[in-house]
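Okay, entry.txt is below, compact mmCIF, C-alpha atoms and all ligand atoms:
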# COMPACT_ATOMS: atom_id res chain seq x y z
CA MET Y 244 -85.52 -66.19 -128.00
CA ALA Y 245 -88.45 -63.77 -127.94
CA ASP Y 246 -91.75 -65.04 -126.60
CA ASP Y 247 -95.11 -63.35 -126.61
CA LYS Y 248 -96.20 -65.20 -123.50
CA LEU Y 249 -96.06 -63.62 -120.08
CA ILE Y 250 -94.01 -66.39 -118.48
CA ARG Y 251 -92.65 -69.61 -119.88
CA ALA Y 252 -90.69 -71.91 -117.60
CA GLU Y 253 -89.10 -74.99 -119.13
CA ASN Y 254 -87.74 -77.86 -117.08
CA LEU Y 255 -86.84 -75.57 -114.21
CA VAL Y 256 -84.70 -77.19 -111.57
CA LYS Y 257 -83.52 -75.48 -108.41
CA ILE Y 258 -81.20 -77.21 -106.00
CA PHE Y 259 -80.05 -75.54 -102.78
CA PRO Y 260 -76.95 -76.81 -100.97
CA MET Y 261 -77.77 -77.84 -97.38
CA GLY Y 262 -74.65 -78.58 -95.41
CA SER Y 263 -73.11 -81.64 -96.96
CA SER Y 264 -76.33 -82.59 -98.82
CA GLN Y 265 -78.80 -80.64 -100.94
CA VAL Y 266 -82.50 -79.79 -101.25
CA THR Y 267 -84.33 -79.99 -104.56
CA ALA Y 268 -86.79 -77.06 -104.39
CA LEU Y 269 -87.97 -77.35 -108.02
CA SER Y 270 -87.84 -80.48 -110.11
CA GLN Y 271 -88.39 -80.15 -113.88
CA VAL Y 272 -91.15 -77.54 -113.67
CA THR Y 273 -92.62 -76.60 -117.04
CA LEU Y 274 -95.38 -73.94 -116.95
CA SER Y 275 -96.66 -71.14 -119.17
CA PHE Y 276 -98.69 -68.08 -118.23
CA GLN Y 277 -100.55 -65.78 -120.60
CA THR Y 278 -101.21 -62.08 -120.24
CA GLY Y 279 -104.20 -61.38 -117.99
CA GLU Y 280 -103.93 -64.44 -115.75
CA PHE Y 281 -105.09 -64.50 -112.13
CA ALA Y 282 -103.26 -67.69 -111.21
CA GLY Y 283 -101.81 -69.24 -108.11
CA LEU Y 284 -99.20 -71.78 -107.15
CA VAL Y 285 -100.61 -73.69 -104.23
CA GLY Y 286 -99.21 -76.49 -102.11
CA PRO Y 287 -97.86 -77.16 -98.66
CA SER Y 288 -95.03 -75.22 -97.09
CA GLY Y 289 -91.71 -76.20 -98.66
CA SER Y 290 -93.22 -77.28 -101.99
CA GLY Y 291 -91.24 -74.72 -104.03
CA LYS Y 292 -93.76 -71.90 -104.52
CA THR Y 293 -91.50 -69.05 -103.37
CA THR Y 294 -88.55 -70.48 -105.28
CA PHE Y 295 -90.57 -70.41 -108.50
CA LEU Y 296 -91.73 -66.83 -107.89
CA ASN Y 297 -88.17 -65.70 -107.11
CA ILE Y 298 -86.84 -67.15 -110.36
CA VAL Y 299 -89.65 -65.61 -112.42
CA GLY Y 300 -89.06 -62.31 -110.60
CA THR Y 301 -85.33 -62.48 -111.51
CA LEU Y 302 -84.39 -62.51 -107.81
CA ASP Y 303 -82.83 -65.97 -108.09
CA ALA Y 304 -81.40 -68.13 -110.87
CA PRO Y 305 -82.39 -71.71 -111.71
CA SER Y 306 -79.87 -74.53 -111.37
CA SER Y 307 -80.94 -75.72 -114.81
CA GLY Y 308 -83.77 -75.18 -117.27
CA SER Y 309 -84.89 -71.82 -118.56
CA ALA Y 310 -87.41 -69.12 -117.70
CA PHE Y 311 -88.69 -66.50 -120.13
CA VAL Y 312 -90.43 -63.53 -118.52
CA LEU Y 313 -92.09 -60.91 -120.72
CA GLY Y 314 -90.10 -62.26 -123.62
CA ARG Y 315 -86.70 -62.06 -121.90
CA GLU Y 316 -84.69 -65.11 -120.95
CA VAL Y 317 -83.92 -64.60 -117.26
CA GLU Y 318 -80.59 -66.44 -117.45
CA SER Y 319 -79.26 -64.19 -120.19
CA LEU Y 320 -79.86 -60.93 -118.27
CA SER Y 321 -77.03 -59.07 -116.57
CA HIS Y 322 -77.67 -57.88 -113.00
CA ARG Y 323 -78.35 -54.42 -114.40
CA GLU Y 324 -80.78 -55.70 -117.03
CA ALA Y 325 -82.58 -57.85 -114.46
CA ALA Y 326 -82.93 -54.85 -112.13
CA GLY Y 327 -84.29 -52.80 -115.05
CA LEU Y 328 -86.85 -55.49 -115.89
CA ARG Y 329 -87.96 -55.64 -112.23
CA ASN Y 330 -88.16 -51.87 -111.85
CA ARG Y 331 -90.18 -51.35 -115.01
CA SER Y 332 -92.28 -54.45 -115.40
CA ILE Y 333 -92.69 -56.54 -112.25
CA GLY Y 334 -94.48 -55.64 -109.02
CA PHE Y 335 -93.89 -57.64 -105.83
CA ILE Y 336 -96.15 -58.15 -102.82
CA PHE Y 337 -94.84 -60.07 -99.81
CA GLN Y 338 -96.52 -61.44 -96.70
CA THR Y 339 -94.61 -59.01 -94.48
CA PHE Y 340 -95.56 -55.89 -96.54
CA ASN Y 341 -91.91 -54.63 -96.49
CA LEU Y 342 -92.83 -50.97 -96.20
CA LEU Y 343 -90.19 -48.47 -95.09
CA PRO Y 344 -91.41 -47.47 -91.60
CA VAL Y 345 -90.01 -43.93 -91.48
CA TYR Y 346 -91.63 -42.89 -94.76
CA THR Y 347 -95.27 -41.97 -95.28
CA ALA Y 348 -97.64 -44.11 -97.32
CA TYR Y 349 -97.23 -41.57 -100.11
CA GLU Y 350 -93.42 -41.81 -100.02
CA ASN Y 351 -93.49 -45.61 -99.91
CA VAL Y 352 -95.67 -45.71 -103.04
CA GLU Y 353 -93.55 -43.03 -104.73
CA PHE Y 354 -90.30 -44.96 -104.25
CA PRO Y 355 -90.43 -47.14 -107.43
CA LEU Y 356 -91.12 -44.01 -109.50
CA LEU Y 357 -88.01 -42.29 -108.10
CA LEU Y 358 -85.99 -45.30 -109.27
CA LEU Y 359 -87.55 -44.86 -112.70
CA LYS Y 360 -86.83 -41.10 -112.65
CA THR Y 361 -90.46 -40.30 -113.40
CA PRO Y 362 -90.95 -36.48 -113.58
CA ALA Y 363 -92.40 -34.91 -110.41
CA ALA Y 364 -95.79 -33.78 -111.74
CA GLN Y 365 -96.50 -37.15 -113.33
CA ARG Y 366 -95.25 -38.91 -110.19
CA ARG Y 367 -97.71 -37.10 -107.96
CA LYS Y 368 -100.68 -38.11 -110.11
CA MET Y 369 -99.50 -41.72 -110.36
CA VAL Y 370 -99.00 -42.02 -106.57
CA MET Y 371 -102.40 -40.53 -105.79
CA ASP Y 372 -104.08 -42.74 -108.42
CA ALA Y 373 -102.45 -45.82 -106.89
CA LEU Y 374 -103.52 -44.86 -103.35
CA ASP Y 375 -107.00 -44.24 -104.72
CA TRP Y 376 -107.15 -47.74 -106.29
CA VAL Y 377 -106.62 -49.29 -102.86
CA GLY Y 378 -108.95 -46.84 -101.09
CA LEU Y 379 -106.24 -45.06 -99.09
CA ALA Y 380 -105.93 -41.63 -100.69
CA ASP Y 381 -106.89 -40.08 -97.34
CA ARG Y 382 -104.03 -41.90 -95.55
CA ALA Y 383 -101.25 -40.59 -97.83
CA ARG Y 384 -99.49 -38.86 -94.92
CA SER Y 385 -99.69 -41.79 -92.48
CA ARG Y 386 -96.59 -43.82 -91.70
CA PRO Y 387 -96.67 -47.66 -91.52
CA PRO Y 388 -96.70 -47.80 -87.68
CA GLN Y 389 -99.98 -45.82 -87.79
CA LEU Y 390 -101.57 -48.22 -90.30
CA SER Y 391 -103.32 -51.54 -89.61
CA GLY Y 392 -102.07 -54.76 -91.24
CA GLY Y 393 -104.77 -54.54 -93.88
CA GLU Y 394 -103.97 -50.90 -94.64
CA SER Y 395 -100.25 -51.68 -94.79
CA GLN Y 396 -100.84 -54.43 -97.33
CA ARG Y 397 -103.01 -52.07 -99.37
CA VAL Y 398 -100.15 -49.53 -99.40
CA ALA Y 399 -97.84 -52.36 -100.51
CA ILE Y 400 -100.26 -53.17 -103.34
CA ALA Y 401 -100.32 -49.50 -104.36
CA ARG Y 402 -96.51 -49.47 -104.34
CA ALA Y 403 -96.38 -52.63 -106.46
CA MET Y 404 -98.97 -51.28 -108.91
CA VAL Y 405 -97.95 -47.62 -109.18
CA LYS Y 406 -95.82 -48.14 -112.28
CA ARG Y 407 -98.62 -50.26 -113.80
CA PRO Y 408 -96.43 -53.30 -114.34
CA PRO Y 409 -97.70 -56.01 -116.68
CA LEU Y 410 -96.85 -58.66 -114.06
CA LEU Y 411 -97.51 -58.78 -110.34
CA LEU Y 412 -96.04 -61.50 -108.11
CA ALA Y 413 -97.67 -61.96 -104.69
CA ASP Y 414 -96.06 -64.34 -102.19
CA GLU Y 415 -98.51 -65.35 -99.39
CA PRO Y 416 -100.05 -61.85 -99.45
CA THR Y 417 -102.73 -62.69 -96.87
CA ALA Y 418 -100.55 -64.59 -94.39
CA ASN Y 419 -100.59 -61.72 -91.88
CA LEU Y 420 -104.17 -60.58 -92.45
CA ASP Y 421 -107.50 -61.49 -90.91
CA ALA Y 422 -110.33 -62.83 -93.07
CA GLU Y 423 -112.02 -59.48 -93.70
CA ASN Y 424 -108.81 -57.77 -94.80
CA SER Y 425 -107.84 -60.79 -96.89
CA HIS Y 426 -111.08 -60.56 -98.86
CA HIS Y 427 -110.69 -56.81 -99.21
CA ILE Y 428 -107.19 -56.99 -100.71
CA LEU Y 429 -108.16 -59.91 -102.98
CA GLN Y 430 -111.10 -57.93 -104.31
CA THR Y 431 -108.75 -54.99 -104.89
CA MET Y 432 -106.29 -57.17 -106.79
CA GLU Y 433 -109.09 -58.73 -108.84
CA LYS Y 434 -110.29 -55.24 -109.78
CA LEU Y 435 -106.77 -54.19 -110.81
CA ASN Y 436 -106.42 -57.38 -112.86
CA ARG Y 437 -109.60 -56.48 -114.75
CA GLN Y 438 -109.16 -52.72 -115.05
CA LEU Y 439 -105.42 -52.45 -115.71
CA ALA Y 440 -104.93 -55.86 -117.39
CA THR Y 441 -102.17 -56.66 -114.89
CA SER Y 442 -101.40 -60.37 -114.70
CA PHE Y 443 -101.23 -61.82 -111.19
CA LEU Y 444 -99.29 -64.85 -110.02
CA PHE Y 445 -99.75 -65.86 -106.38
CA ALA Y 446 -97.93 -68.28 -104.13
CA THR Y 447 -100.31 -69.29 -101.37
CA HIS Y 448 -101.75 -72.02 -99.24
CA ASP Y 449 -104.62 -69.83 -98.02
CA GLU Y 450 -108.06 -71.18 -99.02
CA LYS Y 451 -109.40 -67.62 -99.11
CA VAL Y 452 -106.91 -66.69 -101.86
CA ILE Y 453 -107.54 -69.97 -103.70
CA GLY Y 454 -111.26 -69.09 -103.88
CA TYR Y 455 -110.44 -66.08 -106.07
CA LEU Y 456 -108.09 -67.82 -108.52
CA ARG Y 457 -109.00 -68.52 -112.11
CA ARG Y 458 -106.19 -71.03 -112.40
CA LYS Y 459 -104.72 -73.21 -109.67
CA ILE Y 460 -101.39 -74.99 -110.05
CA THR Y 461 -100.55 -77.49 -107.34
CA LEU Y 462 -96.92 -78.05 -106.40
CA VAL Y 463 -95.82 -81.00 -104.28
CA ASP Y 464 -92.15 -81.49 -103.48
CA GLY Y 465 -91.10 -79.17 -106.28
CA ARG Y 466 -93.23 -80.85 -108.95
CA VAL Y 467 -96.44 -79.70 -110.65
CA THR Y 468 -99.08 -82.29 -109.80
CA ARG Y 469 -102.20 -80.46 -111.05
CA ASP Y 470 -102.97 -77.48 -113.25
CA GLU Y 471 -106.66 -76.54 -113.25
CA ASN Y 472 -108.79 -73.73 -114.61
CA CYS Y 473 -111.43 -72.81 -112.13
CA ARG Y 474 -114.35 -70.60 -111.43
CA PRO Y 475 -113.56 -67.63 -109.21
CA ARG Y 476 -115.82 -66.59 -106.33
CA GLY Y 477 -119.22 -65.38 -107.46
CA ALA Y 478 -118.70 -66.22 -111.16
CA GLU Y 479 -120.56 -68.84 -113.22
CA GLY Y 480 -119.24 -71.66 -115.39
CA THR Y 481 -116.43 -74.06 -114.50
CA GLU Y 482 -115.96 -75.65 -111.07
CA PRO Y 483 -114.60 -73.54 -108.21
CA CYS Y 484 -111.00 -74.13 -107.13
N1 LIG G 501 -82.10 -70.19 -99.71
C1 LIG G 501 -82.36 -71.47 -99.46
N2 LIG G 501 -81.39 -72.30 -98.98
C2 LIG G 501 -81.64 -73.61 -98.73
N3 LIG G 501 -82.84 -74.19 -98.92
C3 LIG G 501 -83.84 -73.41 -99.38
C4 LIG G 501 -83.65 -72.01 -99.66
N4 LIG G 501 -84.84 -71.52 -100.11
C5 LIG G 501 -85.71 -72.54 -100.10
N5 LIG G 501 -85.11 -73.68 -99.66
C6 LIG G 501 -85.73 -75.00 -99.54
O1 LIG G 501 -86.38 -75.31 -100.78
C7 LIG G 501 -87.64 -75.93 -100.56
C8 LIG G 501 -88.73 -75.08 -101.20
O2 LIG G 501 -88.84 -73.85 -100.49
P1 LIG G 501 -89.86 -72.70 -100.88
O3 LIG G 501 -89.75 -72.41 -102.34
O4 LIG G 501 -89.59 -71.58 -99.95
O5 LIG G 501 -91.26 -73.38 -100.57
P2 LIG G 501 -92.71 -72.73 -100.30
O6 LIG G 501 -92.67 -71.31 -100.73
O7 LIG G 501 -93.64 -73.59 -101.10
O8 LIG G 501 -92.96 -72.90 -98.84
C9 LIG G 501 -87.78 -76.08 -99.06
O9 LIG G 501 -87.36 -77.39 -98.71
C10 LIG G 501 -86.84 -75.03 -98.51
O10 LIG G 501 -86.37 -75.40 -97.25
MG MG G 502 -93.05 -69.60 -99.61
Transcribe the structure of this file into structure tokens.
Amino acid sequence: MADDKLIRAENLVKIFPMGSSQVTALSQVTLSFQTGEFAGLVGPSGSGKTTFLNIVGTLDAPSSGSAFVLGREVESLSHREAAGLRNRSIGFIFQTFNLLPVYTAYENVEFPLLLLKTPAAQRRKMVMDALDWVGLADRARSRPPQLSGGESQRVAIARAMVKRPPLLLADEPTANLDAENSHHILQTMEKLNRQLATSFLFATHDEKVIGYLRRKITLVDGRVTRDENCRPRGAEGTEPC
């Protein structure tokens, strides 16, 4: 069924086998996200945040229930179709950056465009634009070992954003960053959310990230216990998260 919403999860259940027993990571989670959101799943470690992101990102399948992402039902996609949806439409940012250490910042950011077979001239402009968005155009030739943690995460953001995906999933993106770099990358992501209309969904238990969210969804033991709209840092109106 087509859906004009960004994400719609209905009664999502995820059960992992654990030896002779099992772990329920998600328990009847029903959530919708609209285009343009800057939203976060928050909750203690083990509450199911990563599991939800992985299902929405088509990296894992639910045990039951359904998830529609950008109008496609995740369950109905073949491996090839799921890979196509990820390559074209979903950017990922992880806590460990996951850059390829032997390639330059430029080459790391270029990688998703090679998968998409983007023509060379267009590729060059897109890579340089993306490095520019994160303030690292002058580090294009540096390799990850020569970059700080904050710079590495900014390269990872550029790589996730280079194809201008409608949806960006960020799993604990500040876990390996100090406070100053955390604020810097959050401000960058907020800017990209506004300027490129990219929707952001975070999984985090970092108060610094939570302060930037416009919507906070609390997960406890795989269940949604709260879903609040909130006032991001520096803005007026509703209560802060
Ligand atoms: N691949 C897996 N195999 C077994 N258990 C898992 C797996 N992934 C997650 N879990 C379990 O599912 C629960 C939710 O995990 P997760 O989604 O990673 O939580 P969070 O991201 O909120 O810390 C935890 O109890 C975790 O141990
Ligand atoms: Mg997690």
Using all atoms listed in the file, which of the listed residues (Y:Leu255, Y:Leu462, Y:Val377, Y:Leu320) sits closest to ligand LIG 501 (chain G)?
Y:Leu462
Under the rule that only C-alpha atoms and all ligand atoms are counted, which of Y:Thr461, Y:Ser425, Y:Gln430, Y:Ser391 is the nearest residue to ligand LIG 501 (chain G)?
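Residue with the minimum atom-to-atom distance to ligand LIG 501 (chain G): Y:Thr461.
Each of Y:Lys434, Y:Lys451, Y:Arg469, Y:Leu390 was compared to Y:Ala422 using all atoms listed in the file, and Y:Lys451 turns out to be the nearest.
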Any residue with an atom at most 9 Å from ligand LIG 501 (chain G) counts, using all atoms listed in the file. Which are they? Put them as a VMD selection string.
chain Y and resid 257 to 261 265 to 269 284 to 297 414 to 415 446 to 448 462 to 465
With C-alpha atoms kept, could you save the residues just selected as a PDB file, in the coordinates of the input?
ATOM      1  CA  LYS Y 257     -83.520 -75.480-108.410  1.00  0.00           C
ATOM      2  CA  ILE Y 258     -81.200 -77.210-106.000  1.00  0.00           C
ATOM      3  CA  PHE Y 259     -80.050 -75.540-102.780  1.00  0.00           C
ATOM      4  CA  PRO Y 260     -76.950 -76.810-100.970  1.00  0.00           C
ATOM      5  CA  MET Y 261     -77.770 -77.840 -97.380  1.00  0.00           C
ATOM      6  CA  GLN Y 265     -78.800 -80.640-100.940  1.00  0.00           C
ATOM      7  CA  VAL Y 266     -82.500 -79.790-101.250  1.00  0.00           C
ATOM      8  CA  THR Y 267     -84.330 -79.990-104.560  1.00  0.00           C
ATOM      9  CA  ALA Y 268     -86.790 -77.060-104.390  1.00  0.00           C
ATOM     10  CA  LEU Y 269     -87.970 -77.350-108.020  1.00  0.00           C
ATOM     11  CA  LEU Y 284     -99.200 -71.780-107.150  1.00  0.00           C
ATOM     12  CA  VAL Y 285    -100.610 -73.690-104.230  1.00  0.00           C
ATOM     13  CA  GLY Y 286     -99.210 -76.490-102.110  1.00  0.00           C
ATOM     14  CA  PRO Y 287     -97.860 -77.160 -98.660  1.00  0.00           C
ATOM     15  CA  SER Y 288     -95.030 -75.220 -97.090  1.00  0.00           C
ATOM     16  CA  GLY Y 289     -91.710 -76.200 -98.660  1.00  0.00           C
ATOM     17  CA  SER Y 290     -93.220 -77.280-101.990  1.00  0.00           C
ATOM     18  CA  GLY Y 291     -91.240 -74.720-104.030  1.00  0.00           C
ATOM     19  CA  LYS Y 292     -93.760 -71.900-104.520  1.00  0.00           C
ATOM     20  CA  THR Y 293     -91.500 -69.050-103.370  1.00  0.00           C
ATOM     21  CA  THR Y 294     -88.550 -70.480-105.280  1.00  0.00           C
ATOM     22  CA  PHE Y 295     -90.570 -70.410-108.500  1.00  0.00           C
ATOM     23  CA  LEU Y 296     -91.730 -66.830-107.890  1.00  0.00           C
ATOM     24  CA  ASN Y 297     -88.170 -65.700-107.110  1.00  0.00           C
ATOM     25  CA  ASP Y 414     -96.060 -64.340-102.190  1.00  0.00           C
ATOM     26  CA  GLU Y 415     -98.510 -65.350 -99.390  1.00  0.00           C
ATOM     27  CA  ALA Y 446     -97.930 -68.280-104.130  1.00  0.00           C
ATOM     28  CA  THR Y 447    -100.310 -69.290-101.370  1.00  0.00           C
ATOM     29  CA  HIS Y 448    -101.750 -72.020 -99.240  1.00  0.00           C
ATOM     30  CA  LEU Y 462     -96.920 -78.050-106.400  1.00  0.00           C
ATOM     31  CA  VAL Y 463     -95.820 -81.000-104.280  1.00  0.00           C
ATOM     32  CA  ASP Y 464     -92.150 -81.490-103.480  1.00  0.00           C
ATOM     33  CA  GLY Y 465     -91.100 -79.170-106.280  1.00  0.00           C
TER      34      GLY Y 465
END
Excluding Y:Cys484 and any residue of its chain fewer than 5 positions from it, enumerate the residues within 7 Å of it, using all atoms listed in the file, and give them as a PyMOL selection string.
chain Y and resi 453-454+459+473-474
Looking at only C-alpha atoms and all ligand atoms, which of Y:Pro475, Y:Pro416, Y:Pro388, Y:Gly300 is the one that sits closest to ligand MG 502 (chain G)?
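Closest candidate: Y:Pro416.
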Which of Y:Gln338, Y:Pro409, Y:Gly392, Y:Leu374 sits closest to ligand MG 502 (chain G) [using all atoms listed in the file]:
Y:Gln338
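You will find atom CA of Y:Arg402 at 8.8 Å from atom CA of Y:Ile336.
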Quick one: pull the distance between atom CA of Y:Glu253 and atom CA of Y:Leu328, Å, one decimal.
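Distance between the two atoms: 19.9 Å.
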Point-to-point distance from atom CA of Y:Tyr346 to atom CA of Y:Arg386, Å rounded to tenths:
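These two atoms are separated by 5.9 Å.
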For ligand MG 502 (chain G), the nearest of the candidates Y:Ala413, Y:Leu359, Y:Leu429, Y:Ala364, counting all atoms listed in the file:
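Of Y:Ala413, Y:Leu359, Y:Leu429, Y:Ala364, the one nearest ligand MG 502 (chain G), counting all atoms listed in the file, is Y:Ala413.
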Mind checking which residues fall within 10 Å of Y:Glu324, counting all atoms listed in the file, ignoring those fewer than 6 positions away in the same chain, and posting them as a compact mmCIF listing (two decimals) with C-alpha atoms, keeping the file's coordinate frame?
# COMPACT_ATOMS: atom_id res chain seq x y z
CA THR Y 301 -85.33 -62.48 -111.51
CA ARG Y 315 -86.70 -62.06 -121.90
CA VAL Y 317 -83.92 -64.60 -117.26
CA ASN Y 330 -88.16 -51.87 -111.85
Just give me the residues with any atom within 12 Å of (-105.4, -49.9, -109.1), file coordinates, counting only C-alpha atoms, written as JSON, numbers by chain.
{"Y": [369, 370, 371, 372, 373, 374, 375, 376, 377, 378, 379, 380, 397, 398, 399, 400, 401, 402, 403, 404, 405, 406, 407, 408, 411, 428, 430, 431, 432, 433, 434, 435, 436, 437, 438, 439, 440, 441]}
Residues within 6 Å of (-81.6, -79.5, -111.6), counting all atoms listed in the file, listed as a PyMOL selection string
chain Y and resi 256-257+306-307
Just-selected residues, C-alpha atoms written as a compact mmCIF listing (two decimals), keeping the file's coordinate frame:
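Result saved to result_30.txt:
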# COMPACT_ATOMS: atom_id res chain seq x y z
CA VAL Y 256 -84.70 -77.19 -111.57
CA LYS Y 257 -83.52 -75.48 -108.41
CA SER Y 306 -79.87 -74.53 -111.37
CA SER Y 307 -80.94 -75.72 -114.81
